[in-house]
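Raw upload-v9.txt, compact mmCIF, C-alpha atoms and all ligand atoms:
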```
# COMPACT_ATOMS: atom_id res chain seq x y z
CA MET A 1 24.82 30.02 84.56
CA ILE A 2 27.11 32.19 82.51
CA PRO A 3 28.95 34.88 84.55
CA ASN A 4 27.17 38.22 84.11
CA GLY A 5 28.97 40.39 81.60
CA THR A 6 30.18 37.48 79.48
CA GLN A 7 30.34 38.63 75.89
CA TYR A 8 28.72 36.29 73.45
CA LEU A 9 29.55 36.91 69.83
CA VAL A 10 27.30 35.40 67.23
CA ASN A 11 29.12 34.90 64.00
CA ILE A 12 28.38 32.43 61.23
CA PRO A 13 24.84 31.05 61.31
CA VAL A 14 24.19 27.65 62.83
CA PRO A 15 20.63 26.45 63.26
CA GLY A 16 18.70 27.61 66.23
CA SER A 17 21.44 29.74 67.66
CA MET A 18 22.58 32.08 64.94
CA GLY A 19 21.13 34.55 62.58
CA ALA A 20 18.17 36.69 63.41
CA GLN A 21 15.37 34.71 61.80
CA ARG A 22 12.74 33.58 64.26
CA ASN A 23 14.28 30.11 64.46
CA GLY A 24 17.61 31.65 65.36
CA LYS A 25 16.34 33.81 68.19
CA THR A 26 15.91 31.01 70.71
CA GLY A 27 19.54 30.31 71.57
CA LYS A 28 20.45 33.98 71.82
CA ILE A 29 17.57 34.89 74.07
CA GLU A 30 18.28 31.91 76.32
CA LEU A 31 21.96 32.89 76.47
CA ALA A 32 20.94 36.42 77.47
CA ASP A 33 18.61 34.97 80.12
CA ALA A 34 21.58 32.89 81.35
CA GLY A 35 23.66 36.03 81.89
CA ALA A 36 25.57 36.75 78.68
CA ASP A 37 25.66 40.03 76.80
CA VAL A 38 24.70 38.98 73.30
CA VAL A 39 25.77 40.27 69.91
CA ILE A 40 23.37 39.51 67.10
CA ALA A 41 25.26 39.62 63.84
CA ASP A 42 23.18 39.03 60.75
CA ILE A 43 23.09 40.08 57.13
CA LEU A 44 19.55 41.38 57.75
CA THR A 45 19.89 44.40 60.03
CA SER A 46 16.18 44.74 60.73
CA LEU A 47 15.96 41.15 61.94
CA ALA A 48 19.00 41.63 64.18
CA GLU A 49 17.45 44.79 65.67
CA ASP A 50 14.19 42.95 66.39
CA VAL A 51 16.06 40.35 68.40
CA VAL A 52 18.07 43.03 70.22
CA LYS A 53 14.82 44.76 71.19
CA GLU A 54 13.35 41.52 72.50
CA ILE A 55 16.46 40.82 74.60
CA GLU A 56 16.55 44.38 75.96
CA GLU A 57 12.86 44.14 76.89
CA ARG A 58 13.83 41.15 79.05
CA GLY A 59 16.29 43.40 80.91
CA HIS A 60 19.51 42.21 79.25
CA ARG A 61 22.18 43.85 77.12
CA ALA A 62 22.50 43.14 73.41
CA LEU A 63 24.02 44.69 70.33
CA GLY A 64 22.89 44.26 66.74
CA VAL A 65 25.57 44.31 64.04
CA LYS A 66 25.16 44.03 60.29
CA LEU A 67 27.42 41.22 59.10
CA ASP A 68 27.91 39.41 55.84
CA VAL A 69 30.12 36.54 56.93
CA THR A 70 31.55 36.26 53.43
CA ASN A 71 32.93 39.82 53.65
CA ALA A 72 36.25 40.14 55.54
CA ASN A 73 35.73 43.91 56.05
CA ASP A 74 32.36 43.27 57.68
CA VAL A 75 34.00 40.79 60.05
CA GLN A 76 36.72 43.30 61.03
CA GLU A 77 34.14 46.06 61.51
CA MET A 78 31.99 43.78 63.61
CA ILE A 79 34.93 42.96 65.90
CA SER A 80 35.67 46.69 66.31
CA LYS A 81 32.03 47.51 67.05
CA VAL A 82 31.73 44.69 69.58
CA THR A 83 34.96 45.52 71.42
CA ASP A 84 34.08 49.26 71.43
CA HIS A 85 30.64 48.47 72.84
CA PHE A 86 31.32 45.63 75.26
CA GLY A 87 35.09 45.77 75.73
CA ARG A 88 35.93 42.19 74.84
CA ILE A 89 34.70 38.95 73.32
CA ASP A 90 34.56 35.81 75.48
CA ILE A 91 32.54 33.39 73.41
CA LEU A 92 32.47 32.95 69.67
CA ILE A 93 29.94 30.70 68.00
CA ASN A 94 30.30 29.93 64.33
CA ASN A 95 30.23 27.06 61.89
CA ALA A 96 32.84 24.50 62.90
CA GLY A 97 34.87 22.08 60.79
CA ILE A 98 38.33 22.79 62.08
CA GLN A 99 37.62 22.36 65.74
CA CYS A 100 40.05 19.50 66.45
CA ILE A 101 43.02 21.39 65.01
CA SER A 102 41.96 24.63 66.70
CA ALA A 103 41.42 22.88 70.03
CA ALA A 104 44.91 21.34 69.90
CA GLU A 105 46.54 24.64 68.95
CA TRP A 106 44.58 27.06 71.11
CA GLY A 107 44.34 25.12 74.39
CA LYS A 108 47.55 26.78 75.64
CA TYR A 109 45.78 30.14 75.32
CA ASN A 110 42.94 28.85 77.50
CA ILE A 111 40.61 28.79 74.50
CA ASN A 112 38.12 25.92 74.35
CA VAL A 113 36.93 24.84 70.91
CA ASN A 114 33.90 22.57 70.68
CA ALA A 115 31.19 21.77 68.16
CA ILE A 116 27.49 21.07 68.15
CA ALA A 117 26.39 18.69 65.40
CA PRO A 118 22.63 18.97 64.90
CA GLY A 119 20.45 16.51 63.08
CA ILE A 120 17.47 17.93 61.22
CA ILE A 121 16.20 21.09 62.91
CA GLU A 122 13.04 22.85 61.81
CA THR A 123 14.15 26.31 60.70
CA ASP A 124 13.35 28.70 57.88
CA LEU A 125 15.94 26.75 55.91
CA THR A 126 14.29 23.33 56.32
CA ARG A 127 10.60 24.13 56.95
CA LYS A 128 9.51 24.06 53.31
CA ARG A 129 11.39 20.85 52.56
CA LEU A 130 9.86 19.15 55.60
CA GLU A 131 6.39 19.76 54.14
CA ASP A 132 7.29 17.00 51.67
CA LYS A 133 5.90 13.88 53.41
CA GLU A 134 8.50 11.55 51.91
CA TYR A 135 11.36 13.76 53.14
CA PHE A 136 9.71 14.20 56.55
CA ASP A 137 9.15 10.44 56.94
CA LEU A 138 12.72 9.70 55.90
CA TRP A 139 14.02 11.73 58.82
CA ILE A 140 11.43 10.44 61.29
CA ASN A 141 12.17 6.81 60.36
CA ARG A 142 15.89 7.33 60.91
CA THR A 143 15.52 9.27 64.15
CA PRO A 144 14.97 7.08 67.26
CA LEU A 145 13.25 9.94 69.10
CA GLU A 146 10.82 10.08 66.16
CA ARG A 147 10.57 13.83 65.76
CA ILE A 148 12.20 16.75 63.98
CA GLY A 149 14.48 18.88 66.15
CA LYS A 150 13.46 22.34 67.36
CA PRO A 151 15.86 25.29 67.67
CA GLU A 152 15.44 25.21 71.45
CA ASP A 153 16.81 21.63 71.48
CA LEU A 154 20.24 23.22 70.88
CA SER A 155 20.01 25.87 73.61
CA GLY A 156 21.13 23.71 76.55
CA ALA A 157 24.32 22.63 74.77
CA ILE A 158 25.06 26.20 73.69
CA ILE A 159 24.68 27.43 77.26
CA TYR A 160 26.75 24.51 78.61
CA LEU A 161 29.58 25.16 76.15
CA SER A 162 29.42 28.89 76.95
CA SER A 163 29.59 28.38 80.71
CA LYS A 164 32.19 27.45 83.32
CA ALA A 165 30.64 23.97 83.48
CA SER A 166 32.56 23.10 80.29
CA ASP A 167 35.89 24.71 81.24
CA PHE A 168 37.76 21.38 80.84
CA VAL A 169 35.97 20.36 77.64
CA THR A 170 37.67 21.02 74.33
CA GLY A 171 37.92 19.36 70.91
CA ASN A 172 34.52 17.71 71.40
CA THR A 173 31.39 17.40 69.33
CA ILE A 174 27.97 17.17 70.95
CA MET A 175 25.49 15.37 68.71
CA ILE A 176 21.96 16.77 69.00
CA ASP A 177 20.17 14.62 66.48
CA GLY A 178 17.49 12.61 68.29
CA GLY A 179 19.72 9.54 67.93
CA TYR A 180 20.06 9.72 64.14
CA LYS A 181 23.73 8.74 64.37
CA VAL A 182 23.03 5.40 66.10
CA GLN A 183 20.37 4.22 63.66
N1 LIG A 201 18.42 23.43 59.98
C1 LIG A 201 19.09 22.29 60.02
O1 LIG A 201 18.50 21.20 60.10
C2 LIG A 201 20.60 22.30 59.95
C3 LIG A 201 21.29 21.16 60.40
C4 LIG A 201 22.68 21.15 60.37
C5 LIG A 201 23.36 22.27 59.90
N2 LIG A 201 22.67 23.36 59.45
C6 LIG A 201 23.45 24.52 58.96
O2 LIG A 201 23.31 25.63 59.89
C7 LIG A 201 23.36 26.87 59.18
C8 LIG A 201 22.12 27.75 59.50
O3 LIG A 201 20.95 26.97 59.29
P1 LIG A 201 19.47 27.52 59.64
O4 LIG A 201 18.60 26.33 59.46
O5 LIG A 201 19.45 28.24 60.97
O6 LIG A 201 19.28 28.59 58.46
P2 LIG A 201 18.24 29.81 58.28
O7 LIG A 201 18.27 30.09 56.82
O8 LIG A 201 16.93 29.51 58.91
O9 LIG A 201 18.89 31.05 59.09
C9 LIG A 201 20.11 31.60 58.68
C10 LIG A 201 20.34 33.00 59.29
O10 LIG A 201 21.59 33.48 58.77
C11 LIG A 201 21.45 34.80 58.21
N3 LIG A 201 22.41 34.90 57.11
C12 LIG A 201 22.29 34.36 55.87
N4 LIG A 201 23.38 34.67 55.11
C13 LIG A 201 24.20 35.39 55.91
C14 LIG A 201 25.49 36.01 55.70
N5 LIG A 201 26.13 35.93 54.52
N6 LIG A 201 26.05 36.67 56.74
C15 LIG A 201 25.42 36.76 57.94
N7 LIG A 201 24.20 36.21 58.18
C16 LIG A 201 23.61 35.53 57.19
C17 LIG A 201 20.00 34.87 57.78
O11 LIG A 201 19.55 36.21 57.69
C18 LIG A 201 19.31 34.07 58.90
O12 LIG A 201 19.02 34.89 60.03
C19 LIG A 201 23.47 26.53 57.71
O13 LIG A 201 24.84 26.57 57.36
C20 LIG A 201 22.96 25.08 57.65
O14 LIG A 201 23.51 24.36 56.57
C21 LIG A 201 21.31 23.41 59.49
```
Structure rendered as structure tokens:
Amino acid sequence: MIPNGTQYLVNIPVPGSMGAQRNGKTGKIELADAGADVVIADILTSLAEDVVKEIEERGHRALGVKLDVTNANDVQEMISKVTDHFGRIDILINNAGIQCISAAEWGKYNINVNAIAPGIIETDLTRKRLEDKEYFDLWINRTPLERIGKPEDLSGAIIYLSSKASDFVTGNTIMIDGGYKVQ
């Protein structure tokens, strides 16, 4: 479990955990269920508010923030809004790419930096493409578990990396790809 009152800041979209589209709700709601206060930052305010409502109806705290991740002012404003509302930020989830460098540099500040590397996940981004049988079969044939990933397949790793259970884990990548990498 995540200690109650942990602030969870959603930043740049990653599948199944970010954004406010229906595919992105899963990770955030499960994090809220696990004890985190969740910030839903998305370019689409109405979608973010829908997710906030759903989390609040489950008895948890959440804050919706309009964010265009390509706009530095939006990012600054989001940080101000989140710290004004919740006091601090404990967990940041965004698109990785620099995690090894960051992990090496930020460890001394007690900051863990890890990545989740998904295979194909059915989201609003991929759904249409997966209707193409050839494309679908290509993924299935290269995936030992013989299915397309679901957003909720990422939730356990997100909760693990957000919890005390991973306090001594940094600079790592968790592959969640149904075995695609070993094919
Ligand atoms: N779906 C997959 O199989 C998969 C696999 C690996 C990596 N990824 C990557 O993960 C990311 C998200 O993928 P997804 O499948 O969840 O996409 P998606 O399109 O289903 O959802 C993206 C979410 O981000 C929001 N958004 C879009 N532009 C934004 C902006 N400028 N600022 C803030 N919010 C914004 C959207 O409103 C939406 O809620 C992408 O970068 C994608 O390349 C996806």
Atom pair CA of Ile120 (chain A) + atom C4 of ligand LIG 201 (chain A), distance 6.2 Å
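Interatomic distance, CA of Val51 (chain A) to atom O7 of ligand LIG 201 (chain A): 15.6 Å.
Residue nearest Lys181 (chain A), chosen from A:Trp106, A:Trp139, A:Phe86, A:Phe168 and counting only C-alpha atoms: A:Trp139.
The gap separating CA of Phe136 (chain A) from atom C19 of ligand LIG 201 (chain A) is 18.5 Å, in Å to one decimal.
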Taking into account all atoms listed in the file, which residue in the set A:Gly119, A:Gly27, A:Gly35, A:Gly64 is nearest to ligand LIG 201 (chain A)?
A:Gly119
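Proximity to ligand LIG 201 (chain A) was assessed for A:Arg88, A:Lys53, A:Lys150, A:His60 counting only C-alpha atoms and all ligand atoms; the smallest distance is recorded for A:Lys150.
Minimum distance to ligand LIG 201 (chain A) across A:Lys108, A:Lys66, A:Arg142, A:His85 (counting all atoms listed in the file) occurs at A:Lys66.
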Mind checking which residues fall within 8 Å of Asn112 (chain A), counting only C-alpha atoms, ignoring those fewer than 4 positions away in the same chain, and posting them as a ChimeraX atom specification?
/A:103,106-107,167-171
As AutoDock Vina command-line options, what would the box around region 24-43 of chain A look like: edges along x, y and z, 8 Å added on every side, centre and edge lengths in Å to one decimal?
```
--center_x 20.8 --center_y 35.3 --center_z 69.5 --size_x 25.9 --size_y 26.0 --size_z 40.8
```
